[in-house]
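Notes follow the structure.
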Amino acid sequence: MANKKQPYNWTRVKPGDIISFRYKSKSTGKTLVQSLLVLNPRIPVTLKDGTKTKHLIGIKLEESNRIELRFNKRQVDILNKTGDLESVNAEENIYRVKFKDRFVINEIKGVKPIVYDLISRSNEIQGRYRTYDYLQAKKSAVYLEPIRIFTKLKEEEKIDDKPKQPPKPKQPKEVSDED
């Protein structure tokens, strides 16, 4: 498992893709690598001043390789309520969420707002909703991002139905009165 990013194309980005790209923050001015689960790839938006633009909306997973959201069994179960977590490339750990048809408006506008409501019920996912200027994000290269899914318990951490019994105490040695 090499966990390499795969080059991708902005026109191919669809809802459910897990992508990464470089984006310059307006608040700090730093250019950082953003990794996100795409909900709305190119949603048209009219700003307050009347100009029309497009936004990229998603759930932030990582920023500059710092994991902000760990995918464990609970998160995978939540994502499976809205669609199926499917493997794009199993060797490279590249996945995507195939949203159910009833949740998708189209491939450009993305998913309906109820999807975020269903996904954000988990405390770990809550507050990870991010909006990016699509035209600014499009200036950088986009990649399919490998993710790690922590769904398996280690052998010593397996949970049994029965509680563990404490070990039996050692019996004292018998003293003989042969003297």
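Residues are referred to by chain and number: the chain letter is A, B, ... according to the order shown in the structure tokens, the number counts from 1 in that chain, and ligands are numbered separately from 1 in the order shown.
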Please run DSSP on the backbone and report, as a PyMOL selection string, all residues within range 27-178 of chain A that come out as alpha helix (DSSP H). chain A and resi 73-82+113-119+134-137
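Our summary of the geometry notes that CA of Gln136 in chain A is positioned 15.8 Å from CA of Leu36 in chain A.
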Chain A: which residues are strand (DSSP E or B) by DSSP, as a PyMOL selection string? chain A and resi 6-8+17-24+31-46+52-63+66-67+71-72+83-89+94-99+104-106+110-111+129-133+142-144+146+149-150
Pick out the residues sitting within 9 Å of Leu79 in chain A, and hand them over as an MDAnalysis selection string; count only C-alpha atoms, and ignore anything fewer than 3 positions along from it in its own chain. chainID A and resid 74:76 82:85 97 99 118:119
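When CA of Lys5 in chain A is paired with CA of Arg96 in chain A, their separation reads 13.5 Å.
Using only C-alpha atoms, the nearest neighbour of Arg121 in chain A within the list A:Ile78, A:Val13, A:Leu135, A:Ala141 is A:Ile78.
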Find the spatial neighbours of Gln126 in chain A, counting only C-alpha atoms, within a cut-off of 12 Å - ignore same-chain residues fewer than 6 positions away - and output them as a ChimeraX atom specification. /A:59-61,68-69,75,116-120
Keeping only N, CA and C atoms, write the selected residues to a file as a PDB file, in the first residue's frame.
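Result written to out_24.pdb:
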ATOM      1  N   ILE A  59     -16.722  18.529   3.120  1.00  0.00           N
ATOM      2  CA  ILE A  59     -16.393  18.274   4.511  1.00  0.00           C
ATOM      3  C   ILE A  59     -14.883  18.117   4.595  1.00  0.00           C
ATOM      4  N   LYS A  60     -14.256  18.980   5.383  1.00  0.00           N
ATOM      5  CA  LYS A  60     -12.797  19.013   5.476  1.00  0.00           C
ATOM      6  C   LYS A  60     -12.286  17.798   6.241  1.00  0.00           C
ATOM      7  N   LEU A  61     -11.346  17.084   5.626  1.00  0.00           N
ATOM      8  CA  LEU A  61     -10.768  15.897   6.244  1.00  0.00           C
ATOM      9  C   LEU A  61      -9.363  16.158   6.770  1.00  0.00           C
ATOM     10  N   GLU A  68      -7.844  15.879  10.390  1.00  0.00           N
ATOM     11  CA  GLU A  68      -8.839  16.556  11.216  1.00  0.00           C
ATOM     12  C   GLU A  68     -10.042  15.663  11.469  1.00  0.00           C
ATOM     13  N   LEU A  69     -10.231  14.669  10.611  1.00  0.00           N
ATOM     14  CA  LEU A  69     -11.357  13.756  10.769  1.00  0.00           C
ATOM     15  C   LEU A  69     -10.866  12.344  10.489  1.00  0.00           C
ATOM     16  N   GLN A  75     -18.041   6.757  11.591  1.00  0.00           N
ATOM     17  CA  GLN A  75     -18.142   7.665  10.455  1.00  0.00           C
ATOM     18  C   GLN A  75     -18.517   6.913   9.175  1.00  0.00           C
ATOM     19  N   TYR A 116     -25.834  16.930   4.361  1.00  0.00           N
ATOM     20  CA  TYR A 116     -24.965  17.445   5.415  1.00  0.00           C
ATOM     21  C   TYR A 116     -25.640  17.298   6.773  1.00  0.00           C
ATOM     22  N   ASP A 117     -26.959  17.501   6.828  1.00  0.00           N
ATOM     23  CA  ASP A 117     -27.674  17.336   8.094  1.00  0.00           C
ATOM     24  C   ASP A 117     -27.537  15.901   8.615  1.00  0.00           C
ATOM     25  N   LEU A 118     -27.636  14.923   7.726  1.00  0.00           N
ATOM     26  CA  LEU A 118     -27.506  13.522   8.137  1.00  0.00           C
ATOM     27  C   LEU A 118     -26.072  13.193   8.542  1.00  0.00           C
ATOM     28  N   ILE A 119     -25.109  13.706   7.775  1.00  0.00           N
ATOM     29  CA  ILE A 119     -23.703  13.405   8.055  1.00  0.00           C
ATOM     30  C   ILE A 119     -23.236  14.089   9.331  1.00  0.00           C
ATOM     31  N   SER A 120     -23.682  15.315   9.571  1.00  0.00           N
ATOM     32  CA  SER A 120     -23.150  16.100  10.692  1.00  0.00           C
ATOM     33  C   SER A 120     -23.734  15.710  12.045  1.00  0.00           C
TER      34      SER A 120
END
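Residues lying within 10 Å of Lys138 in chain A, counting only C-alpha atoms and ignoring same-chain neighbours fewer than 4 positions away, are A:Asn9, A:Trp10, A:Thr11, A:Phe21, A:Arg22, A:Tyr23, A:Leu56, A:Asp133, A:Tyr134, A:Val142.
Between Gly127 in chain A and the candidates A:Lys26, A:Asn89, A:Val104, A:Gly58, the tightest atom-to-atom separation, counting only C-alpha atoms, involves A:Gly58.
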What are the closest atom pairs, with distances in Å to one decimal, for all residues of range 71-117 of chain A lying within 10 Å of range 40-50 of chain A? Consider only C-alpha atoms, order rows by chain and residue number, and present the result as CSV.
residue,atom,partner,partner_atom,distance
A:Val104,CA,A:Asn40,CA,9.5
A:Ile105,CA,A:Asn40,CA,9.5
A:Asn106,CA,A:Asn40,CA,9.3
A:Glu107,CA,A:Pro41,CA,7.7
A:Ile108,CA,A:Arg42,CA,5.4
A:Lys109,CA,A:Ile43,CA,4.7
A:Gly110,CA,A:Asn40,CA,4.1
A:Val111,CA,A:Asn40,CA,6.1
A:Lys112,CA,A:Asn40,CA,8.7
A:Pro113,CA,A:Asn40,CA,9.7
Dump of C-alpha atoms for the selected residues, as a compact mmCIF listing (two decimals), in the first residue's frame:
# COMPACT_ATOMS: atom_id res chain seq x y z
CA VAL A 104 -28.14 14.08 -5.57
CA ILE A 105 -29.44 17.12 -7.49
CA ASN A 106 -26.97 16.62 -10.36
CA GLU A 107 -23.21 16.14 -10.78
CA ILE A 108 -22.51 19.88 -11.01
CA LYS A 109 -24.68 21.24 -8.20
CA GLY A 110 -24.05 18.21 -6.02
CA VAL A 111 -26.10 16.88 -3.15
CA LYS A 112 -29.13 18.23 -1.32
CA PRO A 113 -28.68 20.08 2.01
Quick one: pull the distance between CA of Ile18 in chain A and CA of Arg102 in chain A, Å, one decimal. 20.5 Å
